[in-house]
Amino acid sequence: MPDFFKTYSITPLSKKHNRNSFDCGVQELNDYFVKRAGQDSRRNVASIWVAENNDAVEIAGFYSLSMAAVPLSNLSDDTKKKLPRYGNVPAVRLGRLAISRNEQGKGLGKYLLTDAIIRCLRDEIAWALFLVDAKNDTARKFYENFGFFSLKENKNNLYIPRTVIEREYSFDE
């Protein structure tokens, strides 16, 4: 397993990043990253974070974060018991996470997921749920391995309560 801190740098998406050659094997994610990620970032619709391979100065992966709200009715009964009875629950959405084909299988997905969660925990904005949008069954299973639950409305929209993250996981820096 590589030493991620030495192998990769995670920075906000900027004009210096060459996105055109990025290929994660999922056309929808490739198209988003090449055609729309820059616009989303400039318009403050999403924050895009890029992992660069320090040796090759290539984009190894990326993820996007944005604010969201989840209707209380879409959560499990167990989760609902622990939240106020507002119509919507504040959340952070990891809308996209992708790893280039050259970097897949090295643990970078877990590293980027961890980076995203730590980044959100450090933020001063309140949120109760961390959401992810899995693009397919393989991605859904990846998130389920970390304790994410499917929302009632769509099995590929998953969440984990912030309280679970803070209680169950330790993030070494």
# chains A, B, ... in the order shown; residues from 1 in each chain; ligands from 1
call {"tool": "residues_around", "arguments": {"residues": "Ser150 (chain A)", "least_positions_apart": "2", "cutoff": "12 Å", "atoms": "only C-alpha atoms", "output": "ChimeraX atom specification"}}
result
/A:74-76,79,130-134,137,140-141,143-144,147-148,152-161
call {"tool": "residues_around", "arguments": {"residues": "Leu13 (chain A)", "least_positions_apart": "6", "cutoff": "7 Å", "atoms": "only C-alpha atoms", "output": "list in words"}}
result
Ile48, Trp49 and Val50 of chain A
call {"tool": "closest_atom_pairs", "arguments": {"of": "region 16-39 of chain A", "to": "region 104-126 of chain A", "cutoff": "12 Å", "atoms": "only C-alpha atoms", "output": "Markdown table"}}
result
| residue | atom | partner | partner_atom | distance |
| --- | --- | --- | --- | --- |
| A:Asp23 | CA | A:Gln104 | CA | 10.8 |
| A:Cys24 | CA | A:Gln104 | CA | 8.2 |
| A:Gly25 | CA | A:Gln104 | CA | 10.0 |
call {"tool": "write_last_selection", "arguments": {"atoms": "N, CA and C atoms", "output": "short mmCIF file (atom, residue, chain, number, x, y, z; two decimals), in the first residue's frame"}}
result
data_model
loop_
_atom_site.label_atom_id
_atom_site.label_comp_id
_atom_site.auth_asym_id
_atom_site.auth_seq_id
_atom_site.Cartn_x
_atom_site.Cartn_y
_atom_site.Cartn_z
N ASP A 23 -9.34 9.37 -17.31
CA ASP A 23 -10.21 8.26 -17.68
C ASP A 23 -10.32 7.29 -16.50
N CYS A 24 -11.53 7.22 -15.94
CA CYS A 24 -11.77 6.31 -14.83
C CYS A 24 -12.50 5.04 -15.27
N GLY A 25 -12.86 4.98 -16.55
CA GLY A 25 -13.58 3.82 -17.05
C GLY A 25 -15.09 3.97 -17.02
#
call {"tool": "atom_distance", "arguments": {"atom1": "CA of Glu166 (chain A)", "atom2": "CA of Leu151 (chain A)"}}
result
20.4 Å
call {"tool": "atom_distance", "arguments": {"atom1": "CA of Asn136 (chain A)", "atom2": "CA of Leu65 (chain A)"}}
result
18.8 Å
call {"tool": "residues_around", "arguments": {"residues": "Ser47 (chain A)", "least_positions_apart": "5", "cutoff": "7 Å", "atoms": "only C-alpha atoms", "output": "PyMOL selection string"}}
result
chain A and resi 41+64-66
call {"tool": "select_by_dssp", "arguments": {"residues": "region 9-170 of chain A", "states": "strand (DSSP E or B)", "output": "number ranges by chain"}}
result
A: 9-12, 47-53, 58-71, 88-99, 129-133, 149-150, 157-161
call {"tool": "residues_around", "arguments": {"residues": "region 32-35 of chain A", "least_positions_apart": "2", "cutoff": "6 Å", "atoms": "only C-alpha atoms", "output": "PyMOL selection string"}}
result
chain A and resi 19-20+29-30+37
call {"tool": "write_last_selection", "arguments": {"atoms": "N, CA, C and O atoms", "output": "short mmCIF file (atom, residue, chain, number, x, y, z; two decimals), in the first residue's frame"}}
result
data_model
loop_
_atom_site.label_atom_id
_atom_site.label_comp_id
_atom_site.auth_asym_id
_atom_site.auth_seq_id
_atom_site.Cartn_x
_atom_site.Cartn_y
_atom_site.Cartn_z
N ARG A 19 -7.51 18.17 -17.38
CA ARG A 19 -8.56 17.18 -17.17
C ARG A 19 -8.82 16.32 -18.39
O ARG A 19 -9.46 15.29 -18.29
N ASN A 20 -8.37 16.74 -19.55
CA ASN A 20 -8.75 16.08 -20.80
C ASN A 20 -8.32 14.62 -20.90
O ASN A 20 -8.98 13.83 -21.55
N LEU A 29 -18.71 9.80 -15.49
CA LEU A 29 -17.79 10.52 -14.60
C LEU A 29 -16.70 11.24 -15.39
O LEU A 29 -16.33 12.37 -15.05
N ASN A 30 -16.19 10.61 -16.44
CA ASN A 30 -15.19 11.28 -17.29
C ASN A 30 -15.78 12.56 -17.88
O ASN A 30 -15.13 13.61 -17.86
N ALA A 37 -17.11 19.97 -14.35
CA ALA A 37 -16.54 20.17 -13.01
C ALA A 37 -16.03 21.60 -12.82
O ALA A 37 -16.25 22.21 -11.77
#
call {"tool": "atom_distance", "arguments": {"atom1": "CA of Ala60 (chain A)", "atom2": "CA of Ala91 (chain A)"}}
result
26.7 Å
call {"tool": "select_by_dssp", "arguments": {"residues": "region 103-168 of chain A", "states": "alpha helix (DSSP H)", "output": "ChimeraX atom specification"}}
result
/A:108-122,137-144,162-168
call {"tool": "write_last_selection", "arguments": {"atoms": "C-alpha atoms", "output": "tab-separated table (two decimals), in the first residue's frame"}}
result
chain	number	residue	atom	x	y	z
A	108	LEU	CA	-6.97	5.71	-3.47
A	109	GLY	CA	-10.78	5.56	-3.34
A	110	LYS	CA	-10.72	4.95	0.40
A	111	TYR	CA	-8.12	7.69	0.80
A	112	LEU	CA	-10.25	10.23	-1.09
A	113	LEU	CA	-13.41	9.24	0.81
A	114	THR	CA	-11.52	9.72	4.07
A	115	ASP	CA	-10.14	13.07	2.89
A	116	ALA	CA	-13.65	14.25	1.98
A	117	ILE	CA	-15.07	13.25	5.37
A	118	ILE	CA	-12.23	14.88	7.30
A	119	ARG	CA	-12.62	18.05	5.21
A	120	CYS	CA	-16.34	18.16	6.10
A	121	LEU	CA	-15.75	17.48	9.80
A	122	ARG	CA	-13.37	20.45	9.93
A	137	ASP	CA	-23.75	-1.59	-7.88
A	138	THR	CA	-19.96	-1.83	-7.55
A	139	ALA	CA	-19.76	1.71	-6.20
A	140	ARG	CA	-22.72	1.08	-3.87
A	141	LYS	CA	-20.97	-1.97	-2.41
A	142	PHE	CA	-17.79	0.09	-1.93
A	143	TYR	CA	-19.70	2.58	0.24
A	144	GLU	CA	-21.65	-0.12	2.08
A	162	ARG	CA	-22.25	12.23	11.27
A	163	THR	CA	-22.60	10.80	14.78
A	164	VAL	CA	-21.57	7.38	13.47
A	165	ILE	CA	-18.56	8.85	11.67
A	166	GLU	CA	-17.45	10.69	14.79
A	167	ARG	CA	-18.03	7.67	17.06
A	168	GLU	CA	-16.83	4.78	14.92
